[in-house]
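Structure file upload.pdb (PDB, C-alpha atoms) follows.
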```
MODEL        1
ATOM      1  CA  MET A   1       0.927   7.713  17.604
ATOM      2  CA  ILE A   2      -2.172   6.800  15.620
ATOM      3  CA  ILE A   3      -1.863   3.730  13.429
ATOM      4  CA  ALA A   4      -3.236   5.186  10.212
ATOM      5  CA  ARG A   5      -2.629   2.003   8.222
ATOM      6  CA  GLN A   6      -5.709   0.379   9.696
ATOM      7  CA  LEU A   7      -7.893   3.369   8.900
ATOM      8  CA  LEU A   8      -6.500   3.685   5.396
ATOM      9  CA  HIS A   9      -6.478   0.067   4.265
ATOM     10  CA  HIS A  10      -8.659  -2.025   6.598
ATOM     11  CA  HIS A  11     -11.851  -0.047   6.975
ATOM     12  CA  ASP A  12     -14.595  -2.432   8.122
ATOM     13  CA  GLY A  13     -17.529  -0.142   7.484
ATOM     14  CA  THR A  14     -17.718   1.202  11.017
ATOM     15  CA  SER A  15     -17.620   4.915  11.627
ATOM     16  CA  THR A  16     -14.218   6.488  12.225
ATOM     17  CA  ARG A  17     -13.064  10.042  12.784
ATOM     18  CA  ALA A  18     -11.865  10.153   9.190
ATOM     19  CA  ASP A  19     -14.475   9.524   6.526
ATOM     20  CA  ALA A  20     -12.909   6.686   4.573
ATOM     21  CA  ASP A  21     -15.363   6.435   1.653
ATOM     22  CA  TRP A  22     -12.854   8.094  -0.662
ATOM     23  CA  ARG A  23     -10.372   5.224  -0.220
ATOM     24  CA  ALA A  24     -11.948   2.989  -2.859
ATOM     25  CA  ALA A  25     -11.055   5.547  -5.553
ATOM     26  CA  ALA A  26      -7.495   6.128  -4.272
ATOM     27  CA  ALA A  27      -4.599   5.323  -6.600
ATOM     28  CA  CYS A  28      -2.994   3.305  -3.780
ATOM     29  CA  ALA A  29      -6.120   1.219  -3.085
ATOM     30  CA  GLY A  30      -4.800  -1.885  -4.844
ATOM     31  CA  GLU A  31      -1.188  -1.412  -3.789
ATOM     32  CA  ASP A  32       0.698  -3.024  -0.944
ATOM     33  CA  PRO A  33      -0.178  -0.906   2.109
ATOM     34  CA  GLU A  34       3.492  -0.848   3.153
ATOM     35  CA  ALA A  35       4.303   1.180   0.023
ATOM     36  CA  MET A  36       2.566   4.203   1.534
ATOM     37  CA  PHE A  37       4.514   3.969   4.802
ATOM     38  CA  PRO A  38       8.200   4.182   3.863
ATOM     39  CA  ALA A  39      10.845   4.883   6.466
ATOM     40  CA  ARG A  40      11.734   8.540   6.945
ATOM     41  CA  THR A  41      15.123   7.953   5.299
ATOM     42  CA  ASP A  42      13.799   5.797   2.420
ATOM     43  CA  ILE A  43      14.035   8.359  -0.369
ATOM     44  CA  VAL A  44      13.089   5.846  -3.049
ATOM     45  CA  GLY A  45      10.068   4.604  -1.089
ATOM     46  CA  ILE A  46       8.880   8.155  -0.447
ATOM     47  CA  ALA A  47       9.275   9.007  -4.143
ATOM     48  CA  TYR A  48       7.280   5.911  -5.113
ATOM     49  CA  ALA A  49       4.462   6.743  -2.687
ATOM     50  CA  LYS A  50       4.368  10.347  -3.896
ATOM     51  CA  SER A  51       4.228   9.181  -7.519
ATOM     52  CA  MET A  52       1.017   7.302  -6.693
ATOM     53  CA  CYS A  53      -0.388  10.410  -5.011
ATOM     54  CA  ALA A  54       0.502  12.521  -8.049
ATOM     55  CA  ARG A  55      -1.994  10.553 -10.166
ATOM     56  CA  CYS A  56      -4.618  10.095  -7.464
ATOM     57  CA  PRO A  57      -8.121  11.535  -7.973
ATOM     58  CA  VAL A  58      -8.776  11.818  -4.212
ATOM     59  CA  VAL A  59      -5.513  13.400  -3.056
ATOM     60  CA  ARG A  60      -7.354  16.284  -1.325
ATOM     61  CA  GLU A  61      -9.602  13.943   0.636
ATOM     62  CA  CYS A  62      -6.602  11.859   1.677
ATOM     63  CA  ARG A  63      -4.697  14.923   2.895
ATOM     64  CA  ALA A  64      -7.772  16.152   4.782
ATOM     65  CA  ALA A  65      -8.089  12.739   6.475
ATOM     66  CA  ALA A  66      -4.436  12.877   7.551
ATOM     67  CA  ASP A  67      -4.915  16.385   8.933
ATOM     68  CA  GLU A  68      -7.976  15.253  10.864
ATOM     69  CA  LEU A  69      -6.202  12.191  12.239
ATOM     70  CA  GLU A  70      -3.122  14.174  13.222
ATOM     71  CA  THR A  71      -5.100  16.377  15.565
ATOM     72  CA  GLY A  72      -5.055  13.365  17.902
ATOM     73  CA  GLY A  73      -1.412  12.405  17.392
ATOM     74  CA  TYR A  74       1.361  11.799  14.913
ATOM     75  CA  VAL A  75       0.309   9.923  11.747
ATOM     76  CA  TRP A  76       3.071   8.206   9.809
ATOM     77  CA  GLY A  77       3.092   7.632   6.057
ATOM     78  CA  VAL A  78       2.637   9.526   2.827
ATOM     79  CA  TRP A  79      -0.918  10.887   2.791
ATOM     80  CA  GLY A  80      -2.171  13.218   0.092
ATOM     81  CA  GLY A  81       1.303  13.398  -1.416
ATOM     82  CA  LEU A  82       2.957  14.688   1.766
ATOM     83  CA  THR A  83       5.247  13.094   4.330
ATOM     84  CA  PRO A  84       4.553  13.691   8.031
ATOM     85  CA  ASP A  85       7.182  16.445   8.174
ATOM     86  CA  GLU A  86       5.734  18.156   5.086
ATOM     87  CA  ARG A  87       2.241  18.033   6.591
ATOM     88  CA  ARG A  88       3.553  19.547   9.828
ATOM     89  CA  ARG A  89       5.272  22.356   7.892
ATOM     90  CA  ALA A  90       2.088  23.011   5.882
ATOM     91  CA  ARG A  91       0.174  23.496   9.157
ATOM     92  CA  GLY A  92       2.886  25.762  10.609
ATOM     93  CA  LEU A  93       4.016  23.229  13.232
ATOM     94  CA  PRO A  94       7.641  22.540  14.179
ATOM     95  CA  VAL A  95       9.353  19.614  12.488
ATOM     96  CA  PRO A  96      11.466  17.312  14.658
ATOM     97  CA  ARG A  97      15.221  17.621  14.145
ATOM     98  CA  TYR A  98      17.045  14.699  12.658
ATOM     99  CA  SER A  99      19.962  13.076  14.424
ATOM    100  CA  ASP A 100      23.401  14.236  13.394
ATOM    101  CA  ARG A 101      25.129  11.235  14.939
ATOM    102  CA  CYS A 102      27.952   9.532  13.072
ATOM    103  CA  GLY A 103      26.852   7.028  10.462
ATOM    104  CA  THR A 104      24.124   9.298   9.071
ATOM    105  CA  TYR A 105      24.033  11.768   6.199
ATOM    106  CA  THR A 106      23.443  14.615   8.643
ATOM    107  CA  GLY A 107      26.450  13.349  10.617
ATOM    108  CA  TYR A 108      28.493  13.691   7.445
ATOM    109  CA  LYS A 109      27.232  17.259   7.006
ATOM    110  CA  ARG A 110      28.125  18.019  10.653
ATOM    111  CA  HIS A 111      31.734  16.918  10.029
ATOM    112  CA  HIS A 112      31.852  18.978   6.842
ATOM    113  CA  ASN A 113      30.326  22.108   8.398
ATOM    114  CA  ARG A 114      32.818  22.001  11.261
ATOM    115  CA  GLY A 115      35.723  21.694   8.819
ATOM    116  CA  GLY A 116      36.660  18.200   9.963
ATOM    117  CA  GLU A 117      37.306  15.047   8.014
ATOM    118  CA  PRO A 118      34.193  12.794   7.992
ATOM    119  CA  CYS A 119      34.591   9.427   9.686
ATOM    120  CA  GLU A 120      34.252   6.186   7.708
ATOM    121  CA  ASP A 121      30.662   5.611   8.888
ATOM    122  CA  CYS A 122      29.600   9.088   7.777
ATOM    123  CA  ARG A 123      31.308   8.679   4.379
ATOM    124  CA  ALA A 124      29.414   5.412   3.903
ATOM    125  CA  ALA A 125      26.133   7.118   4.875
ATOM    126  CA  LYS A 126      26.764   9.914   2.374
ATOM    127  CA  SER A 127      27.535   7.376  -0.332
ATOM    128  CA  GLU A 128      24.237   5.573   0.390
ATOM    129  CA  TYR A 129      22.373   8.900   0.402
ATOM    130  CA  ASN A 130      23.824   9.812  -3.011
ATOM    131  CA  HIS A 131      22.891   6.367  -4.344
ATOM    132  CA  GLN A 132      19.295   6.816  -3.167
ATOM    133  CA  LEU A 133      19.154  10.239  -4.822
ATOM    134  CA  ARG A 134      20.248   8.710  -8.143
ATOM    135  CA  VAL A 135      17.604   5.990  -7.834
ATOM    136  CA  GLN A 136      14.974   8.569  -6.907
ATOM    137  CA  ARG A 137      15.865  10.625  -9.983
ATOM    138  CA  THR A 138      15.482   7.508 -12.128
ATOM    139  CA  VAL A 139      12.083   6.696 -10.582
ATOM    140  CA  ARG A 140      10.893  10.274 -11.105
ATOM    141  CA  GLU A 141      12.029  10.293 -14.748
ATOM    142  CA  ALA A 142      10.274   6.960 -15.362
ATOM    143  CA  ALA A 143       6.966   8.222 -13.905
TER     144      ALA A 143
ENDMDL
END
```

Rewrite the structure of this file - the entire thing - as structure tokens.
Amino acid sequence: MIIARQLLHHHDGTSTRADADWRAAAACAGEDPEAMFPARTDIVGIAYAKSMCARCPVVRECRAAADELETGGYVWGVWGGLTPDERRRARGLPVPRYSDRCGTYTGYKRHHNRGGEPCEDCRAAKSEYNHQLRVQRTVREAA
């Protein structure tokens, strides 16, 4: 996996595969770098990162840099308004399947789809998922 954080936020003026000159004009340039690298399940963090991208004047350049970097490996983070899975879909590549183990939202859906009663861990995961959706809706309405 390529560590894109260093290329995105700590460019030292040396040449890289991705032309980083556009970064100074990026909406996320003054933000905490961690904000652009939320966990895959952090719906609120992803929504926040995407809200920055929505008002960014260099979103195309950012997405092009991610595409260029990803030819050498998997690049994590929201780049150009897209998550890694969304970028893979846009390029026609397969997206990794998420775990459906107990204690996850997809585990809850597995119980439901099989007609069984969800376990306590899966009910808790679904409750957390619904909470994050409500927070995401609030963040989106505030933006």

Listed atoms of segment 89-107 of chain A, axis-aligned box, 3 Å per side: centre and edge lengths to one decimal in Å, as JSON?
```
{"center_x": 14.1, "center_y": 16.4, "center_z": 10.4, "size_x": 33.8, "size_y": 24.7, "size_z": 15.1}
```

Interatomic distance, atom CA of Tyr48 of chain A to atom CA of Ala24 of chain A (Å, one decimal):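 So the two atoms, atom CA of Tyr48 of chain A and atom CA of Ala24 of chain A, lie 19.6 Å apart.
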
Computed interatomic separation between atom CA of Ala39 of chain A and atom CA of Arg114 of chain A (Å): 28.3 Å

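The space between atom CA of Trp79 of chain A and atom CA of Ser127 of chain A spans 28.8 Å.
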
Nearby residues (all atoms listed in the file) at most 12 Å from Ala35 of chain A, same-chain spacing under 6 positions excluded, as a ChimeraX atom specification: /A:5,9,27-29,42,44-53,77-79

Hits from the PyMOL selection byres ((chain A and resi 100-105) around 9), listed as a VMD selection string: chain A and resid 97 to 99 106 to 111 118 to 129

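The shortest atom-to-atom distance to Arg63 of chain A, with only C-alpha atoms taken into account, belongs to A:Glu86 out of A:Glu86, A:Asn130, A:Ile43, A:Val135.
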